[in-house]
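**Q** Quick one: this structure, given as C-alpha cells, is what I'll be asking you about.
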Amino acid sequence: MIELKNISKSFQGKEVLKNISAVFEQGKINLVIGASGHGKSVLMRSMVGLIKVDNGDILYDNRVLDFENYDELKEIRRDIGMLFQSSALFNSASVEENVEFPLKMFTKMSKEERLDRVNFCLKSVNLENANKKFPAELSGGMKKRVGIARAIALDIKYLFCDEPNSGLDPITSRVIDELILEITNNFKITTIINTHDMKTVLDIGDNIIFIYKGEKWWDGTKQQIKNPDNKELNDFINASFVL
Amino acid sequence: MFSKPEKTGVFIKRVFAEMVSVGIGSLPIVIIVSIFQGAVTTIQTAYQLITPLIPKPTIGTVVSDSTILELAPTITSLVLAGKIGSHIASEIGTMRINEEIDALEVMGINTSSFLGLPKIIAGMFMVPVLVIISIFLSELGGIVAGQLSGVLTADQFIQGARMTFKLFTLQFSLIKAFTYGFIITSVSSFHGYYTQGGALEVGESSTKAVVYSSVLILLSDYLLAELLL
C-alpha cells in the first residue's frame with residue numbers, strides 16, 4: 001500500500017501539486033487520470049523519488065520515502081518497477097540485456113538463473129522470441145512490453161506505469177492493459193497507472209483519482225466514475241468518447 | 001559521484017569497456033594528428049634555424065622537447081576533448097532525454113556514479129597512454145619528415161632528442177595528460193548528465209562539453225607549468 005499525505009510541489013513559484021492525499025491499495029489497479037499538464041506525471045515522479053516534494057509524506061507500507069536519506073530511498077526503489085511513457089529501454093542493449101540488467105545489479109543469481117528469469121519475464125509479456133533484438137527493432141507496443149518485463153524482473157511490490165498506452169493503437173493498448181492487470185493479480189502488487197485513456201479506466205481500473213489543476217478533484221471506483229457528480233470530471237469523461 | 005558502486009564486478013566491466021571506447025576508439029585520430037604534428041614541427045623548426053652556427057641535432061632537441069612538454073599532451077588532449085568529450089556528452093545527454101537515466105534512478109542506482117565514474121577512470125588511465133603513443137609517433141613523424149626533406153638524418157634527430165632529455169619532462173607530460181583525462185571526461189559527463197529538453201539540447205550539451213573542456217585544458221596547462229616547472 002502506498003499512502004500520500006498532503007503532497008505539495010511548486011516549480012518557480014507555480015504550484016503544480018496542491019496538498020494531495022491518497023491511498024493506493026495493494027493488489028489493485030490504482031489509476032490517476034486527468035488532462036495533460038495538470039500534474040499527473042509530476043505526482044508519479046514524486047512518488048518514485050525522481051522529484052523532491054516541497055511538503056507532505058509518501059509512505060510505502062509505512063516506510064517514509066526520505067529524499068534526504070539516499071540509502072533508504074534506494075532500498076524503497078528496489079521494490080519499485082516503473083514503465084515509462086517512452087519505455088526508457090537502454091538503446092545500446094538487447095531486449096535480454098535490458099531485462100537482465102536489474103538482476104545483474106541487485107541479485108547474486110548465476111548467468112543461467114538470470115537467463116531463466118529473463119525468459120520467464122519475457123514469456124509473461126508474450127515476447128518469447130525477442131531476446132536478441134534491440135529496442136530500435138521493436139514496435140511501440142513491444143517496447144512497452146519489454147519495459148514491463150524489465151520492471152517485474154526483480155520481485156517488485158509496486159508497479160508504476162506512466163501513460164502506458166500513449167502512442168499505441170487501440171488493440172495494442174488493450175493488450176498492454178490486460179498484461180498490467182494480469183501482472184497485478186498474479187504478483188499481488190500495488191499498481192499505479194497515469195492515463196487519460198477512459199477505456200483503460202473502465203476496463204482495468206479499481207480505484208481512480210482525478211487530478212485537476214494540481215488538486216485531487218475526485219476519487220472513487222470504476223462504478224462510481226460512470227455517474228460522477230463533478231462537472232470537470234464529467235467534461236473529461238465526455239471528451240473521451242467519440243460515439 | 002565517487003560513492004561505492006552498486007556491484008563491483010559490473011563496475012569493473014564498465015571501466016574496461018570505457019577504456020576500450022576512449023583508448024582504442026581514439027587511436028586513429030591520435031595516430032594521424034601525432035605523425036603530422038611531428039613532421040610539421042620538424043620542418044618548421046628547420047626553417048627557422050637556418051644558420052650554420054647551430055648544429056643539426058638541435059632541431060631534434062627542439063622538436064623532441066616541445067613534443068613531450070607541450071604538443072603531445074596538450075594538442076592531443078584538445079583533439080580528444082572534441083572526440084571523446086562530444087561522444088560522452090551526447091551519449092549521456094541522449095540517455096537523459098530518453099528517460100534512461102530516470103529508469104536507472106528508479107531501479108535504485110546511483111546514476112552519476114554508474115555513468116560518470118567509469119568514464120572518468122577510463123579517461124585518467126587512457127589519455128596518458130594515448131599521449132605516450134602520441135609522443136612516440138610525433139618523434140617518428142619528425143624523423144621521417146627530416147629524412148625525406150633532407151633537413152637532418154634520423155641519427156642527428158635521435159642524437160638531438162637524447163642530448164637534453166630529462167625524465168621529469170616525460171613525468172610532467174604524463175601529469176598533464178592525467179589531469180586532461182579527468183577534465184575531458186568529468187566536464188563532458190556533467191554537461192551530458194544535466195541535459196534538459198530534446199535533441200537540440202543534446203547538441204548544445206555536446207558543444208558546451210567540448211568548449212569548456214578545451215578552455216579548462218588550456219587553463220590547467222598554464223597552471224601546471226607555473227606550479228611544476
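Lettering and numbering for the C-alpha cells are positional, with chains as A, B, ... in the shown order, residues counted from 1 in each chain, and ligands counted from 1 in the shown order.
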List every residue of region 8-234 of chain A that DSSP, applied to the backbone, labels as strand (DSSP E), and write the result as a ChimeraX atom specification.
**A** /A:8-11,14-24,29-33,55-60,63-64,80-83,158-162,190-195,207-212,215-221
**Q** Export, as a PDB file, in the first residue's frame, the selected residues with C-alpha atoms.
**A**
ATOM      1  CA  SER A   8       2.703  19.751  -2.483  1.00  0.00           C
ATOM      2  CA  LYS A   9       5.168  20.742  -5.153  1.00  0.00           C
ATOM      3  CA  SER A  10       5.924  24.060  -6.840  1.00  0.00           C
ATOM      4  CA  PHE A  11       8.148  24.923  -9.773  1.00  0.00           C
ATOM      5  CA  LYS A  14       3.867  27.845  -9.637  1.00  0.00           C
ATOM      6  CA  GLU A  15       2.106  25.244  -7.524  1.00  0.00           C
ATOM      7  CA  VAL A  16       1.878  22.055  -9.562  1.00  0.00           C
ATOM      8  CA  LEU A  17       0.660  19.711  -6.829  1.00  0.00           C
ATOM      9  CA  LYS A  18      -1.653  21.080  -4.162  1.00  0.00           C
ATOM     10  CA  ASN A  19      -1.991  19.225  -0.913  1.00  0.00           C
ATOM     11  CA  ILE A  20      -2.708  15.805  -2.390  1.00  0.00           C
ATOM     12  CA  SER A  21      -3.578  12.920  -0.092  1.00  0.00           C
ATOM     13  CA  ALA A  22      -4.450   9.460  -1.355  1.00  0.00           C
ATOM     14  CA  VAL A  23      -4.151   5.764  -0.654  1.00  0.00           C
ATOM     15  CA  PHE A  24      -3.159   3.243  -3.326  1.00  0.00           C
ATOM     16  CA  ILE A  29      -5.024  -1.156 -10.151  1.00  0.00           C
ATOM     17  CA  ASN A  30      -4.998   2.443  -8.999  1.00  0.00           C
ATOM     18  CA  LEU A  31      -5.492   4.962 -11.754  1.00  0.00           C
ATOM     19  CA  VAL A  32      -4.522   8.598 -11.765  1.00  0.00           C
ATOM     20  CA  ILE A  33      -6.431  10.373 -14.508  1.00  0.00           C
ATOM     21  CA  ASN A  55       5.680  19.298   1.665  1.00  0.00           C
ATOM     22  CA  GLY A  56       3.989  16.110   2.761  1.00  0.00           C
ATOM     23  CA  ASP A  57       4.915  12.465   3.158  1.00  0.00           C
ATOM     24  CA  ILE A  58       4.958   9.470   0.846  1.00  0.00           C
ATOM     25  CA  LEU A  59       4.687   6.156   2.656  1.00  0.00           C
ATOM     26  CA  TYR A  60       5.419   2.749   1.177  1.00  0.00           C
ATOM     27  CA  ARG A  63       8.138   3.331   5.244  1.00  0.00           C
ATOM     28  CA  VAL A  64       8.617   7.040   4.615  1.00  0.00           C
ATOM     29  CA  ILE A  80       9.608  -0.370  -7.389  1.00  0.00           C
ATOM     30  CA  GLY A  81       9.221  -1.156 -11.068  1.00  0.00           C
ATOM     31  CA  MET A  82       8.351   1.588 -13.492  1.00  0.00           C
ATOM     32  CA  LEU A  83       7.130   1.628 -17.046  1.00  0.00           C
ATOM     33  CA  TYR A 158       4.944  -1.544  -6.570  1.00  0.00           C
ATOM     34  CA  LEU A 159       4.456  -1.020 -10.290  1.00  0.00           C
ATOM     35  CA  PHE A 160       4.195   2.473 -11.753  1.00  0.00           C
ATOM     36  CA  CYS A 161       3.068   2.975 -15.342  1.00  0.00           C
ATOM     37  CA  ASP A 162       3.252   6.444 -16.841  1.00  0.00           C
ATOM     38  CA  THR A 190       0.339  -2.238  -5.912  1.00  0.00           C
ATOM     39  CA  THR A 191      -0.087  -0.809  -9.388  1.00  0.00           C
ATOM     40  CA  ILE A 192      -0.438   2.874 -10.155  1.00  0.00           C
ATOM     41  CA  ILE A 193      -1.197   3.983 -13.691  1.00  0.00           C
ATOM     42  CA  ASN A 194      -1.207   7.502 -15.090  1.00  0.00           C
ATOM     43  CA  THR A 195      -3.580   7.670 -18.001  1.00  0.00           C
ATOM     44  CA  ASN A 207      -9.604   2.866  -7.700  1.00  0.00           C
ATOM     45  CA  ILE A 208      -9.477   6.135  -9.567  1.00  0.00           C
ATOM     46  CA  ILE A 209      -8.162   9.584  -8.704  1.00  0.00           C
ATOM     47  CA  PHE A 210      -8.949  12.563 -10.913  1.00  0.00           C
ATOM     48  CA  ILE A 211      -6.334  15.324 -10.842  1.00  0.00           C
ATOM     49  CA  TYR A 212      -7.438  18.777 -11.905  1.00  0.00           C
ATOM     50  CA  GLU A 215      -5.502  19.101  -6.976  1.00  0.00           C
ATOM     51  CA  LYS A 216      -7.164  15.809  -6.206  1.00  0.00           C
ATOM     52  CA  TRP A 217     -10.545  16.756  -7.592  1.00  0.00           C
ATOM     53  CA  TRP A 218     -12.348  13.458  -7.281  1.00  0.00           C
ATOM     54  CA  ASP A 219     -11.719   9.871  -6.191  1.00  0.00           C
ATOM     55  CA  GLY A 220     -13.815   6.774  -6.424  1.00  0.00           C
ATOM     56  CA  THR A 221     -14.243   3.396  -8.046  1.00  0.00           C
TER      57      THR A 221
END
**Q** At a cut-off of 7 Å, which residues of chain A touch chain B? Count only C-alpha atoms and give the answer as a compact mmCIF listing (two decimals) with C-alpha atoms, in the first residue's frame.
**A**
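Final output, result_0.txt:
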# COMPACT_ATOMS: atom_id res chain seq x y z
CA VAL A 48 9.16 7.27 -7.12
CA LYS A 74 17.46 3.27 -2.74
CA ARG A 77 13.26 1.99 -5.00
CA ARG A 78 14.40 -1.60 -5.24
CA ILE A 80 9.61 -0.37 -7.39
CA SER A 86 8.86 6.43 -23.67
CA ALA A 88 13.10 4.13 -21.47
CA LEU A 89 14.82 0.99 -22.68
CA PHE A 90 18.62 1.04 -22.89
CA MET A 105 22.85 -5.26 -10.45
**Q** Residues within 9 Å of Leu170 (chain B), please, as a list in words. Count only C-alpha atoms; anything in the same chain fewer than 5 positions from it doesn't count.
**A**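 Skipping anything fewer than 5 positions along the chain leaves Ile68, Leu69, Ile132, Phe165 and Ile175 of chain B.
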**Q** Please, which residues of chain B, numbered as in this document, come out alpha helix (DSSP H) from DSSP, as number ranges by chain?
**A** B: 8-19, 25-48, 57-66, 76-80, 86-97, 100-107, 111, 117-149, 154-163, 167-193, 199-228
**Q** Can you measure CA of Asn69 (chain A) to CA of Val15 (chain B) for me? One decimal in Å is fine.
**A**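 Value for the CA of Asn69 (chain A)-CA of Val15 (chain B) distance: 27.7 Å.
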**Q** With only C-alpha atoms as the counted atoms, please give the residues lying no more than 8 Å from region 214-222 of chain B, apart from itself and same-chain residues fewer than 3 positions off, as a ChimeraX atom specification.
**A** /B:74,77-78,81,176,179-180,183-184,210-211,225-226
**Q** Suppose we keep N, CA and C atoms; can you now write the selection as a PDB file, in the first residue's frame?
**A**
ATOM      1  N   THR B  74      49.067  18.424 -24.857  1.00  0.00           N
ATOM      2  CA  THR B  74      48.031  19.452 -24.984  1.00  0.00           C
ATOM      3  C   THR B  74      47.260  19.348 -26.297  1.00  0.00           C
ATOM      4  N   SER B  77      45.197  16.232 -26.310  1.00  0.00           N
ATOM      5  CA  SER B  77      44.043  16.342 -25.408  1.00  0.00           C
ATOM      6  C   SER B  77      42.971  17.266 -25.978  1.00  0.00           C
ATOM      7  N   LEU B  78      43.395  18.309 -26.680  1.00  0.00           N
ATOM      8  CA  LEU B  78      42.389  19.187 -27.301  1.00  0.00           C
ATOM      9  C   LEU B  78      41.624  18.428 -28.394  1.00  0.00           C
ATOM     10  N   ALA B  81      39.368  16.138 -26.573  1.00  0.00           N
ATOM     11  CA  ALA B  81      38.205  16.851 -25.995  1.00  0.00           C
ATOM     12  C   ALA B  81      37.080  16.896 -27.025  1.00  0.00           C
ATOM     13  N   LYS B 176      50.225  16.091 -16.879  1.00  0.00           N
ATOM     14  CA  LYS B 176      49.287  16.891 -17.675  1.00  0.00           C
ATOM     15  C   LYS B 176      48.213  15.998 -18.294  1.00  0.00           C
ATOM     16  N   THR B 179      45.680  14.850 -15.836  1.00  0.00           N
ATOM     17  CA  THR B 179      44.765  15.952 -15.483  1.00  0.00           C
ATOM     18  C   THR B 179      43.773  16.205 -16.618  1.00  0.00           C
ATOM     19  N   TYR B 180      44.271  16.222 -17.846  1.00  0.00           N
ATOM     20  CA  TYR B 180      43.395  16.480 -19.000  1.00  0.00           C
ATOM     21  C   TYR B 180      42.358  15.350 -19.154  1.00  0.00           C
ATOM     22  N   ILE B 183      39.701  16.116 -16.772  1.00  0.00           N
ATOM     23  CA  ILE B 183      38.906  17.287 -17.202  1.00  0.00           C
ATOM     24  C   ILE B 183      37.940  16.898 -18.325  1.00  0.00           C
ATOM     25  N   ILE B 184      38.449  16.253 -19.349  1.00  0.00           N
ATOM     26  CA  ILE B 184      37.608  15.933 -20.520  1.00  0.00           C
ATOM     27  C   ILE B 184      36.409  15.074 -20.102  1.00  0.00           C
ATOM     28  N   VAL B 210      32.731  20.271 -25.204  1.00  0.00           N
ATOM     29  CA  VAL B 210      33.997  20.439 -25.932  1.00  0.00           C
ATOM     30  C   VAL B 210      34.623  21.801 -25.595  1.00  0.00           C
ATOM     31  N   VAL B 211      33.792  22.847 -25.600  1.00  0.00           N
ATOM     32  CA  VAL B 211      34.319  24.200 -25.355  1.00  0.00           C
ATOM     33  C   VAL B 211      34.882  24.312 -23.930  1.00  0.00           C
ATOM     34  N   ALA B 225      52.177  24.314 -15.548  1.00  0.00           N
ATOM     35  CA  ALA B 225      53.507  24.809 -15.917  1.00  0.00           C
ATOM     36  C   ALA B 225      54.050  25.741 -14.835  1.00  0.00           C
ATOM     37  N   GLU B 226      53.172  26.610 -14.352  1.00  0.00           N
ATOM     38  CA  GLU B 226      53.571  27.543 -13.268  1.00  0.00           C
ATOM     39  C   GLU B 226      53.968  26.786 -12.003  1.00  0.00           C
TER      40      GLU B 226
END
**Q** Taking 5 positions as the minimum chain separation for residues in the same chain, which residues sit within 7 Å of Val125 (chain A) when counting only C-alpha atoms? Answer as a ChimeraX atom specification.
**A** /A:145,149,179
**Q** Write to file, as a compact mmCIF listing (two decimals), in the first residue's frame, the residues of the selection just made, with C-alpha atoms.
**A**
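Contents of the output file result_19.txt:
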# COMPACT_ATOMS: atom_id res chain seq x y z
CA ARG A 145 6.11 -4.98 -23.08
CA ALA A 149 9.28 -7.27 -18.34
CA LEU A 179 -0.89 -7.50 -19.29
**Q** Could you pull the residues within 9 Å of Asn165 (chain A), counting only C-alpha atoms, minus those fewer than 5 positions along the same chain, as a CSV table (one decimal) with N, CA and C atoms, in the first residue's frame?
**A**
chain,number,residue,atom,x,y,z
A,85,GLN,N,6.7,6.4,-20.0
A,85,GLN,CA,5.9,6.8,-21.2
A,85,GLN,C,6.7,6.4,-22.5
A,141,GLY,N,4.5,-1.1,-29.1
A,141,GLY,CA,3.8,-2.0,-28.2
A,141,GLY,C,4.8,-3.0,-27.6
A,144,LYS,N,6.9,-1.3,-25.0
A,144,LYS,CA,6.2,-1.2,-23.7
A,144,LYS,C,6.3,-2.6,-23.0
A,170,PRO,N,-5.4,1.2,-30.6
A,170,PRO,CA,-6.4,0.7,-29.6
A,170,PRO,C,-6.2,-0.8,-29.2
A,172,THR,N,-3.4,-2.7,-29.5
A,172,THR,CA,-2.2,-2.9,-28.6
A,172,THR,C,-2.4,-2.3,-27.2
A,173,SER,N,-3.1,-1.2,-27.2
A,173,SER,CA,-3.4,-0.6,-25.8
A,173,SER,C,-4.1,-1.6,-24.9
A,174,ARG,N,-5.1,-2.3,-25.5
A,174,ARG,CA,-5.8,-3.3,-24.7
A,174,ARG,C,-4.9,-4.5,-24.3
A,176,ILE,N,-1.7,-4.2,-23.7
A,176,ILE,CA,-0.9,-3.7,-22.6
A,176,ILE,C,-1.7,-3.7,-21.3
A,177,ASP,N,-3.0,-3.2,-21.4
A,177,ASP,CA,-3.9,-3.1,-20.2
A,177,ASP,C,-4.1,-4.5,-19.6
A,195,THR,N,-3.0,7.8,-16.7
A,195,THR,CA,-3.6,7.7,-18.0
A,195,THR,C,-4.6,8.7,-18.3
A,197,ASP,N,-6.7,7.6,-20.9
A,197,ASP,CA,-7.5,6.7,-21.7
A,197,ASP,C,-8.6,6.1,-20.9
A,200,THR,N,-9.1,2.3,-20.7
A,200,THR,CA,-8.3,1.7,-19.6
A,200,THR,C,-9.0,1.8,-18.3
